[in-house]
Each structure stands twice: as structure tokens, then as C-alpha cells.
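For reference, upload_29.cif (mmCIF, C-alpha atoms):
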data_model
loop_
_atom_site.label_atom_id
_atom_site.label_comp_id
_atom_site.auth_asym_id
_atom_site.auth_seq_id
_atom_site.Cartn_x
_atom_site.Cartn_y
_atom_site.Cartn_z
CA MET A 5 115.55 45.05 60.67
CA ASP A 6 113.14 44.90 63.61
CA LEU A 7 110.27 44.47 61.21
CA TYR A 8 112.10 41.66 59.47
CA GLU A 9 112.68 39.96 62.81
CA ALA A 10 109.07 40.34 63.87
CA ARG A 11 108.06 38.79 60.55
CA LEU A 12 110.50 35.93 61.11
CA ALA A 13 109.10 35.32 64.56
CA GLN A 14 105.60 35.25 63.09
CA LEU A 15 106.69 32.74 60.47
CA ALA A 16 108.47 30.66 63.05
CA ARG A 17 105.33 30.74 65.19
CA ASN A 18 103.38 29.19 62.36
CA GLY A 19 105.77 26.25 62.45
CA ASP A 20 108.16 27.48 59.74
CA ARG A 21 111.46 25.88 60.74
CA VAL A 22 113.41 27.60 58.00
CA ALA A 23 112.40 30.96 59.45
CA PHE A 24 113.29 29.77 62.93
CA ARG A 25 116.69 28.65 61.68
CA GLN A 26 117.31 32.20 60.44
CA LEU A 27 116.55 33.51 63.92
CA VAL A 28 119.03 30.98 65.33
CA ASP A 29 121.68 32.02 62.79
CA HIS A 30 121.25 35.64 63.64
CA TYR A 31 121.17 35.45 67.43
CA GLN A 32 123.16 32.43 68.58
CA ASN A 33 126.49 34.30 68.65
CA LYS A 34 125.04 37.18 70.64
CA ILE A 35 123.48 34.88 73.22
CA TYR A 36 126.62 32.75 73.36
CA HIS A 37 128.83 35.77 74.07
CA LEU A 38 126.40 37.06 76.66
CA ALA A 39 126.27 33.69 78.43
CA TYR A 40 129.99 33.08 78.13
CA ARG A 41 130.78 36.43 79.72
CA MET A 42 128.14 36.02 82.41
CA LEU A 43 129.17 32.47 83.33
CA GLY A 44 132.85 32.35 82.31
CA ASN A 45 132.49 28.86 80.94
CA ALA A 46 132.02 27.63 77.37
CA HIS A 47 130.13 24.47 78.26
CA GLU A 48 127.46 26.25 80.29
CA ALA A 49 127.28 29.02 77.70
CA GLU A 50 126.39 26.48 75.01
CA ASP A 51 123.69 25.02 77.22
CA VAL A 52 122.27 28.48 77.80
CA VAL A 53 122.17 29.17 74.06
CA GLN A 54 120.31 25.93 73.43
CA GLU A 55 117.88 26.49 76.29
CA THR A 56 117.26 30.09 75.19
CA PHE A 57 116.21 29.04 71.70
CA LEU A 58 114.13 26.20 73.06
CA ARG A 59 112.25 28.67 75.26
CA VAL A 60 111.87 31.08 72.36
CA TYR A 61 110.44 28.27 70.25
CA LYS A 62 108.02 27.09 72.90
CA ASN A 63 106.82 30.59 73.67
CA LEU A 64 106.65 32.05 70.18
CA MET A 65 102.89 32.36 70.41
CA ARG A 66 103.32 34.65 73.42
CA TYR A 67 105.73 36.89 71.53
CA ASP A 68 104.22 40.28 70.83
CA PRO A 69 105.51 41.53 67.45
CA ALA A 70 105.15 45.11 68.74
CA GLN A 71 108.13 44.35 70.97
CA LYS A 72 111.63 44.05 69.54
CA PHE A 73 112.62 40.44 69.10
CA SER A 74 116.17 41.20 70.31
CA THR A 75 114.82 42.53 73.61
CA TRP A 76 112.81 39.40 74.14
CA ILE A 77 115.59 36.94 73.35
CA TYR A 78 118.13 38.88 75.42
CA ARG A 79 115.70 38.79 78.34
CA ILE A 80 115.35 35.02 78.14
CA GLY A 81 119.13 34.56 77.85
CA THR A 82 119.97 36.98 80.65
CA ASN A 83 117.43 35.44 83.02
CA LEU A 84 118.81 31.95 82.38
CA CYS A 85 122.35 33.18 83.19
CA ILE A 86 121.24 34.97 86.34
CA ASP A 87 119.46 31.80 87.52
CA ILE A 88 122.62 29.74 86.97
CA LEU A 89 124.79 32.28 88.80
CA ARG A 90 122.41 32.31 91.76
CA LYS A 91 122.30 28.52 91.92
CA ARG A 92 126.07 28.38 91.68
CA LYS A 93 126.45 30.88 94.49
CA ARG A 94 124.14 28.88 96.71
CA LYS A 95 125.99 25.67 95.88
CA ARG A 96 129.37 27.26 96.46
CA ASN A 97 128.25 28.57 99.84
CA ILE A 98 127.13 25.09 100.83
CA SER A 99 130.31 23.39 99.63
CA LEU A 100 132.45 26.02 101.32
CA ASP A 101 130.63 25.37 104.55
CA ALA A 102 130.92 21.61 104.14
CA ASN A 103 134.53 21.36 103.14
CA LEU A 104 136.66 24.39 102.66
CA PHE A 105 139.44 22.54 100.84
CA ASP A 106 137.41 20.22 98.69
CA SER A 107 136.76 22.77 95.98
CA GLU A 108 138.96 22.15 92.94
CA SER A 109 139.35 25.77 91.99
CA SER A 110 139.26 28.42 94.65
CA ASP A 111 138.01 31.22 92.38
CA GLY A 112 134.95 29.33 91.19
CA TYR A 113 136.15 28.66 87.65
CA ASP A 114 135.45 25.17 86.42
CA PHE A 115 137.13 25.69 83.08
CA MET A 116 139.87 27.80 81.68
CA PRO A 117 138.08 30.54 79.78
CA MET A 118 138.51 30.03 76.05
CA ASP A 119 139.69 33.53 75.12
CA GLU A 120 142.33 33.25 77.83
CA ALA A 121 143.56 29.91 76.56
CA GLU A 122 143.79 31.23 73.02
CA GLN A 123 145.88 34.20 74.06
CA PRO A 124 149.49 33.88 72.77
CA GLU A 125 151.98 33.50 75.61
CA ASN A 126 154.07 36.48 74.65
CA LEU A 127 151.19 38.93 75.15
CA LEU A 128 151.71 38.91 78.88
CA VAL A 129 150.71 42.47 79.63
CA LEU A 130 147.64 42.41 77.40
CA SER A 131 146.40 39.11 78.78
CA GLU A 132 147.08 40.30 82.31
CA THR A 133 144.90 43.35 81.66
CA ARG A 134 142.13 41.16 80.32
CA ARG A 135 142.34 38.86 83.30
CA GLN A 136 142.08 41.82 85.64
CA VAL A 137 138.97 43.18 83.92
CA ARG A 138 137.39 39.77 83.69
CA GLU A 139 137.95 39.03 87.35
CA ALA A 140 136.63 42.42 88.35
CA LEU A 141 133.53 41.83 86.24
CA ASP A 142 133.03 38.40 87.78
CA MET A 143 133.14 39.85 91.27
CA MET A 144 130.15 42.02 90.53
CA PRO A 145 126.67 40.87 91.60
CA GLU A 146 124.79 39.45 88.61
CA GLN A 147 122.34 42.38 88.40
CA TYR A 148 125.31 44.73 87.86
CA LYS A 149 127.30 42.36 85.73
CA SER A 150 124.46 41.81 83.27
CA ILE A 151 124.08 45.57 82.78
CA MET A 152 127.80 46.07 82.14
CA ILE A 153 127.84 43.21 79.63
CA LEU A 154 124.74 44.36 77.76
CA ARG A 155 126.04 47.92 77.65
CA TYR A 156 129.69 47.36 76.70
CA LEU A 157 129.77 44.02 74.94
CA HIS A 158 126.41 44.16 73.18
CA ASP A 159 126.08 47.93 72.66
CA LEU A 160 122.56 48.08 74.05
CA SER A 161 121.25 51.53 74.95
CA LEU A 162 120.07 52.30 78.48
CA GLN A 163 116.49 52.09 77.25
CA GLU A 164 117.10 48.71 75.62
CA ILE A 165 118.73 47.35 78.79
CA SER A 166 115.76 48.64 80.76
CA ASP A 167 113.42 46.76 78.39
CA VAL A 168 115.48 43.56 78.60
CA LEU A 169 115.75 43.51 82.39
CA GLU A 170 112.29 45.00 82.95
CA LEU A 171 113.69 47.62 85.31
CA PRO A 172 113.28 51.41 85.15
CA VAL A 173 115.93 53.33 83.19
CA THR A 174 116.89 55.24 86.36
CA THR A 175 117.76 51.93 88.06
CA ILE A 176 119.85 50.86 85.05
CA LYS A 177 121.69 54.21 85.14
CA THR A 178 122.43 54.02 88.86
CA ARG A 179 123.73 50.47 88.55
CA LEU A 180 125.79 51.32 85.49
CA HIS A 181 127.41 54.25 87.34
CA ARG A 182 128.14 52.12 90.39
CA GLY A 183 129.40 49.31 88.17
CA ARG A 184 131.84 51.63 86.41
CA GLU A 185 133.07 52.95 89.74
CA PHE A 186 133.51 49.42 91.03
CA LEU A 187 135.58 48.42 88.01
CA ARG A 188 137.60 51.61 88.33
CA SER A 189 138.48 50.63 91.88
CA ARG A 190 139.55 47.13 90.82
CA ILE A 191 141.65 47.99 87.80
CA GLU A 192 145.22 49.15 88.24
CA HIS A 193 145.81 52.54 86.81
CA SER A 194 149.46 53.03 87.81
CA GLN A 195 150.87 52.99 84.27
CA GLU A 196 148.27 55.45 82.95
CA SER A 197 148.54 58.10 85.67
CA GLY A 198 150.60 61.17 85.11
CA MET B 178 130.62 72.95 90.98
CA ASP B 179 131.80 70.42 93.60
CA CYS B 180 133.65 67.21 92.74
CA LYS B 181 130.77 64.96 93.78
CA GLN B 182 128.52 66.69 91.26
CA ALA B 183 131.29 66.54 88.68
CA VAL B 184 131.66 62.74 89.00
CA SER B 185 127.91 62.32 88.67
CA TRP B 186 128.00 64.44 85.51
CA ILE B 187 130.96 62.47 84.17
CA HIS B 188 128.76 59.36 84.28
CA GLU B 189 125.89 61.24 82.64
CA TYR B 190 128.30 62.36 79.97
CA MET B 191 129.49 58.79 79.39
CA ASP B 192 125.86 57.71 79.03
CA GLY B 193 125.42 60.41 76.38
CA GLU B 194 122.84 62.13 78.58
CA LEU B 195 124.58 65.38 79.55
CA ASN B 196 123.33 68.39 77.62
CA SER B 197 125.81 70.69 75.89
CA SER B 198 125.58 73.59 78.36
CA ASN B 199 126.29 71.20 81.26
CA GLN B 200 129.09 69.64 79.23
CA ALA B 201 130.70 73.08 79.08
CA ILE B 202 130.38 73.49 82.86
CA LEU B 203 131.85 70.01 83.45
CA ASP B 204 134.67 70.70 81.01
CA GLU B 205 135.50 73.90 82.85
CA HIS B 206 135.62 71.98 86.16
CA LEU B 207 137.82 69.22 84.71
CA ARG B 208 140.30 71.81 83.48
CA GLN B 209 140.72 73.13 86.99
CA CYS B 210 140.43 69.92 89.06
CA SER B 211 143.17 67.37 88.44
CA SER B 212 141.60 64.73 90.68
CA CYS B 213 138.33 64.79 88.72
CA ARG B 214 140.32 64.79 85.50
CA GLU B 215 142.10 61.65 86.71
CA HIS B 216 138.80 60.08 87.72
CA PHE B 217 137.37 60.74 84.27
CA LYS B 218 140.42 59.25 82.58
CA GLU B 219 140.20 56.11 84.69
CA LEU B 220 136.54 55.63 83.84
CA GLU B 221 137.35 55.97 80.17
CA ILE B 222 140.00 53.27 80.57
CA VAL B 223 137.43 51.08 82.32
CA GLU B 224 135.13 51.40 79.29
CA GLU B 225 137.92 50.54 76.87
CA ARG B 226 139.05 47.57 78.89
CA VAL B 227 135.62 46.09 79.35
CA GLN B 228 135.16 46.34 75.60
CA MET B 229 138.41 44.40 75.17
CA LEU B 230 136.52 41.35 76.41
CA ARG B 231 134.49 41.25 73.19
CA MET B 232 134.90 37.96 71.41
CA LYS B 233 134.56 37.14 67.77
CA ALA B 234 134.60 33.37 67.80
CA ALA B 235 131.63 31.32 68.88
CA PRO B 236 130.78 27.71 68.18
CA ASP B 237 128.09 27.05 65.56
CA LEU B 238 125.26 25.53 67.53
CA THR B 239 122.58 25.73 64.83
CA ASP B 240 122.22 22.00 64.28
CA ARG B 241 122.27 21.23 67.97
CA ILE B 242 119.58 23.86 68.60
CA MET B 243 117.36 22.74 65.74
CA ALA B 244 117.66 19.13 66.89
CA SER B 245 116.61 20.08 70.42
CA LEU B 246 113.30 21.57 69.29
CA PRO B 247 110.20 19.54 70.06
CA PRO B 248 108.78 17.71 67.01
CA GLN B 249 106.35 19.66 64.92
CA GLN B 250 102.75 18.68 65.47
CA LYS B 251 100.09 19.13 62.87
CA SER B 252 97.53 20.17 65.42
CA ARG B 253 99.90 22.80 66.74
CA THR B 254 98.74 25.56 64.44
CA VAL B 255 95.10 24.78 65.14
CA LEU B 256 95.77 24.65 68.86
CA ASN B 257 97.66 27.93 68.74
CA TRP B 258 94.87 29.54 66.81
CA LEU B 259 92.37 28.38 69.43
CA LYS B 260 94.56 29.66 72.25
CA ARG B 261 94.84 33.04 70.62
CA HIS B 262 91.11 33.39 69.97
CA PRO B 263 89.33 32.32 73.17
CA ALA B 264 86.05 34.08 72.30
CA LEU B 265 85.83 32.47 68.88
CA THR B 266 86.75 29.12 70.42
CA ALA B 267 83.89 29.43 72.90
CA ALA B 268 81.53 30.35 70.05
CA ALA B 269 82.78 27.39 68.01
CA ILE B 270 82.20 25.00 70.91
CA PHE B 271 78.71 26.42 71.35
CA VAL B 272 77.97 25.79 67.67
CA ILE B 273 79.35 22.25 67.89
CA VAL B 274 77.15 21.45 70.90
CA MET B 275 74.10 22.91 69.18
CA PHE B 276 74.91 21.11 65.97
CA SER B 277 75.23 17.76 67.71
CA SER B 278 71.95 18.26 69.56
CA PHE B 279 70.30 18.90 66.21
CA ALA B 280 72.03 15.87 64.79
CA THR B 281 70.20 13.70 67.31
CA LEU B 282 66.96 15.11 65.98
CA TRP B 283 68.02 14.47 62.43
CA ASP B 284 65.89 11.73 60.97
CA THR B 285 67.94 9.69 58.58
CA ASN B 286 65.20 7.45 57.22
CA GLU B 287 64.47 7.66 53.55
CA GLN B 288 60.71 7.53 53.82
CA LEU B 289 58.62 9.81 51.68
CA VAL B 290 56.94 12.44 53.82
CA ILE B 291 54.34 14.79 52.42
CA SER B 292 52.85 17.66 54.31
CA THR B 293 49.92 19.52 52.87
CA ASN B 294 46.33 20.41 53.79
CA GLU B 295 45.08 19.54 50.32
CA PHE B 296 46.17 15.93 50.11
CA GLU B 297 43.28 14.99 47.83
CA LYS B 298 44.60 17.20 45.02
CA ILE B 299 47.96 15.47 44.59
CA ILE B 300 48.96 12.15 43.11
CA VAL B 301 51.61 10.00 44.81
CA ASP B 302 53.38 7.47 42.60
CA GLY B 303 56.19 5.63 44.40
CA ASN B 304 58.40 8.45 45.63
CA ARG B 305 57.03 10.87 43.07
CA VAL B 306 54.59 13.52 44.13
CA ILE B 307 52.63 15.06 41.29
CA VAL B 308 50.44 18.13 41.30
CA PRO B 309 48.42 17.36 38.15
CA GLU B 310 47.56 19.89 35.52
CA GLY B 311 44.41 21.83 36.30
CA GLN B 312 44.80 21.36 40.07
CA THR B 313 45.47 24.36 42.30
CA ILE B 314 46.90 23.94 45.76
CA ASN B 315 46.21 27.00 47.87
CA GLY B 316 48.46 26.20 50.85
CA ASP B 317 52.08 25.05 51.30
CA LEU B 318 53.53 21.78 50.11
CA ILE B 319 56.40 20.12 51.95
CA VAL B 320 57.91 16.95 50.51
CA GLU B 321 60.72 14.98 52.11
CA ASN B 322 62.72 12.27 50.24
CA GLY B 323 60.70 12.63 47.11
CA GLU B 324 60.57 13.93 43.57
CA ILE B 325 58.00 16.66 43.03
CA ILE B 326 56.46 17.45 39.70
CA VAL B 327 54.27 20.50 39.64
CA GLU B 328 52.18 20.57 36.50
CA GLY B 329 49.28 22.42 38.07
CA MET B 330 49.42 25.47 40.33
CA LEU B 331 50.86 25.82 43.82
CA LEU B 332 49.94 29.15 45.43
CA GLY B 333 51.78 28.50 48.71
CA ASN B 334 55.42 27.71 49.40
CA LEU B 335 57.20 24.63 48.18
CA VAL B 336 59.73 22.98 50.47
CA VAL B 337 61.82 20.13 49.11
CA ILE B 338 63.85 18.18 51.66
CA ASP B 339 66.43 15.73 50.29
CA GLY B 340 64.73 15.54 46.96
CA SER B 341 64.20 17.26 43.66
CA TYR B 342 61.42 19.13 41.94
CA THR B 343 60.34 19.82 38.41
CA ALA B 344 58.23 22.90 37.92
CA SER B 345 58.05 26.11 36.06
CA SER B 346 58.44 28.85 38.65
CA ALA B 347 55.41 30.50 37.08
CA ASN B 348 53.38 27.61 38.49
CA ILE B 349 54.44 28.31 42.06
CA GLY B 350 53.10 31.34 43.86
CA GLY B 351 55.17 31.14 47.06
CA ARG B 352 58.85 30.61 47.78
CA ILE B 353 60.71 27.49 46.81
CA THR B 354 63.03 26.15 49.47
CA ILE B 355 65.29 23.24 48.75
CA VAL B 356 66.86 21.56 51.74
CA ASN B 357 69.41 18.94 50.84
CA ARG B 358 71.79 18.55 53.73
CA MET B 359 71.54 18.31 57.44
CA PHE B 360 73.05 21.73 57.87
CA ASP B 361 70.46 23.29 55.59
CA TRP B 362 67.77 21.44 57.44
CA ILE B 363 69.01 22.89 60.74
CA TRP B 364 69.11 26.31 59.22
CA TYR B 365 65.60 25.86 57.91
CA LYS B 366 64.48 24.88 61.43
CA ILE B 367 66.22 27.85 63.01
CA ALA B 368 64.73 30.19 60.43
CA GLY B 369 61.40 28.58 61.21
CA TRP B 370 61.78 29.33 64.91
CA PHE B 371 62.67 32.91 64.32
CA GLY B 372 59.80 33.19 61.87
CA THR B 373 57.31 31.95 64.46
CA VAL B 374 58.62 33.95 67.44
#
Show me, as C-alpha cells, the structure contained in the file I just sent.
Amino acid sequence: MDLYEARLAQLARNGDRVAFRQLVDHYQNKIYHLAYRMLGNAHEAEDVVQETFLRVYKNLMRYDPAQKFSTWIYRIGTNLCIDILRKRKRKRNISLDANLFDSESSDGYDFMPMDEAEQPENLLVLSETRRQVREALDMMPEQYKSIMILRYLHDLSLQEISDVLELPVTTIKTRLHRGREFLRSRIEHSQESG
Amino acid sequence: MDCKQAVSWIHEYMDGELNSSNQAILDEHLRQCSSCREHFKELEIVEERVQMLRMKAAPDLTDRIMASLPPQQKSRTVLNWLKRHPALTAAAIFVIVMFSSFATLWDTNEQLVISTNEFEKIIVDGNRVIVPEGQTINGDLIVENGEIIVEGMLLGNLVVIDGSYTASSANIGGRITIVNRMFDWIWYKIAGWFGTV
């Protein structure tokens, strides 16, 4: 699989758009889910997917086929999301300072998340649980959040996450442990205890 | 084992990084310590719940992505190749500069030029240069823009530049060099330099 991807990237680098299209087919869902979970907003997630592939395309000649293609594309996608989150945080801080009541949504959500909207109304407990987890995840700083998402929603190994984020495995481990503890503290456990 | 150590090992275990002997020690602790057992259970629930946020649906953005790509340029592949091979590119530029400096030396006129020390032995007829039968030229013969017919003997080298020759190789003692294009001419000059150094 990795070999196949490296070959595709090579083909795409030589201007083969059919090969590039295959890369898009294979990775757009992964990058969309990553971005959607990082940003909590379908519109921005779509923009991130498009920008990710544009950057991949423009930088194909810098891609080293010895490296896994998935690592590279996840890195580009994750970095784009982290940039957006940082900008958003800065903007929010400014707008909060300027006018505390001007903000349309107090929790920072511009859009109703899609999976929430699709949830049938009768599944109150299940959707409540999801909301709780999602909110807890969104409270985490982006460098923790990205690790949790790559680990639990994309099944990346610690080593793979370390390659994507270009951080030592020990750092990934520490943040993953802290992240799990943070989520544990935010999620209600009353019904499970005993 | 204290509870702080146990929680650290619980995380190691969840990462799949706790070896089996330590797993046994942790298991023993969890059996005795209800608070650590509870902690472990809660972390397991955290994992499950985070994984609940997995989504299946995603919009198909293929066309939008493909449309956003910059237009393909023909020179792109050449440019990429050059970028990836800086040493070869430098060498190529060197050759181009050298080539163009030679090109300025390249004489394009079509005039017949004969170079030999034994001019009296040859016959020139229009652009034909004839070494008649019975004549023997001891040195080299260089003819540019002409047609050479060797009926006699040529003991030296024969160089034909932008022309043709008719001769039995038995009649020519030295090497025969035919130079037809500018590139060959340059090569002949370079070889000449190295030969004289």
C-alpha cells in the first residue's frame, strides 16, 4: 500500500492528473474528517481539504518517496487546522475584548456540527454523550486535540503521530496521557460507576 | 506499587506499551485497589466515547479539488528535472555557454578552403579537389566545403569539413576525419587542443 502510494505520488509529480485524482479519492475523506473534528465546522473543513491537496500538488517534487505519503498529507492537513485554530483564538480574544456581547455564539461555533444535526431527536442520551465528548475535545489546546484525533479517529500509532507532528514519541505519549486524563475529568461517569 | 505508578502504567497499557510481566503487576494492583480500578474503567470509557465521534459521511470534493489545481505547464517537467539535478544543470549551462562561444567562431561561408603543404600536387576544379593518379602527398590534406577525389596517394590524414570524398581507403595512409556539422567541428577543435597540449 505504501509503495503504491509512493508510486502514485511519483506519477502525480510527473504531471499525471489521473494518478493525482487517485490520491484525492483515497485521502479526501480522511483529511475532511480530521479537519472537521479539529475545526467543528463543515465549511472550513472543506476549505482545508482543498488547500491540503493544493499544497500536496505544488510540493510533490519535494516529497521523498522514502517517507509514507499518509504521514506527509496528514502533516499538511494538521498544520493547516492548527493555524486556523490559532488565528481563530486570536480573533476571538480581540472580539471578546472589543465587545463581549457582539459574538453570535458564545461557545465559538459558527455552524451547527453536521453529525449533531443529523442525529435523530429521540436519541437524546446518545447525542448528549457525543456533545459532551465533542465539547471536551474542543476545549483542549490544539497540540493535544490533534493527537487525540489522530490516535482515536484515524488509528495512527504513536510513531506515526510522532512522524506527522514532527515531535518525539515521548512527547506524543505524555500529551496523549494528559489528554486522556483531561477528557476523563470532563466526561460524566455517574451512570457507569458501581 | 503505588497508585501514581499504577495510573502511569494504565496509560502505558492503553498505548500497548506495557510488557506482560508489568501487566501482571498492574493487574494485581487493580484487583486490590478499587480507586485505580475505577480510574482505569473511566479511561476505557473515554477511549470508547472519543471513537464514537468517527464519521462515515463526507462530501465528495474531488472535482472541486481537481479544478483548484494550477494549470499544467509543459515546461513543468523540465523545470522540475532541473531543480532536482542542480549539478547537471550547472554542467548543462556551462556547455551551452561554451557552445555559443564556439558558435561565434563558426564560419558559415561556403568558400572552398584547402590546407596542405603540397599544393602543387593537387588539382582544383570548381569545388572539386583532386589528387591525381601517380601523385603522392606526404602530409595532411584538409578540405572545407569541397568534394575530394583521391586517385593518387595521401600518406597523411584527410580531413573533410562540410563536404564529401571519394577514395579507396588503401590510397590514404593516415586517418580520415569527416566533419559535417558544427558540433563535430567543435569536437574536432577540442580534440585538436587536447592533441596539442
In Å, with one decimal, what is the gap from CA of Ile314 (chain B) to CA of Ile300 (chain B)?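 If I compute the distance from CA of Ile314 (chain B) to CA of Ile300 (chain B), I get 12.3 Å.
Straight-line separation from CA of Ile88 (chain A) to CA of Asp142 (chain A): 13.6 Å.
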Chain B near chain A within 6 Å: what's each residue's closest atom pair and its distance in Å to one decimal, counting all atoms listed in the file, ordered by chain then ascending residue number, as a tab-separated table?
residue	atom	partner	partner_atom	distance
B:Gln228	CA	A:Tyr156	CA	5.7
B:Arg231	CA	A:Leu157	CA	5.7
B:Ala235	CA	A:Asn33	CA	5.9
B:Ile242	CA	A:Gln54	CA	5.3
Of the residues A:Leu15, A:Leu89, A:Leu7, A:Ala70, which is the one nearest to Leu43 (chain A), using all atoms listed in the file? A:Leu89
Hey, can you check how far CA of Ala23 (chain A) sits from CA of Leu84 (chain A)? 23.8 Å
When you look at Arg352 (chain B) with a cut-off of 9 Å (counting all atoms listed in the file), what residues show up, excluding the ones that are within fewer than 6 positions of it in the same chain? I need them as a PyMOL selection string. chain B and resi 333-336
Using the chain letters and numbers from this file, what does the PyMOL selection byres ((chain A and resi 6) around 9) select? Give the answer as a list in words.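 Residues picked by the PyMOL selection byres ((chain A and resi 6) around 9): Met5, Leu7, Tyr8, Glu9, Ala10, Arg11, Gln71, Lys72, Phe73 and Ser74 of chain A.
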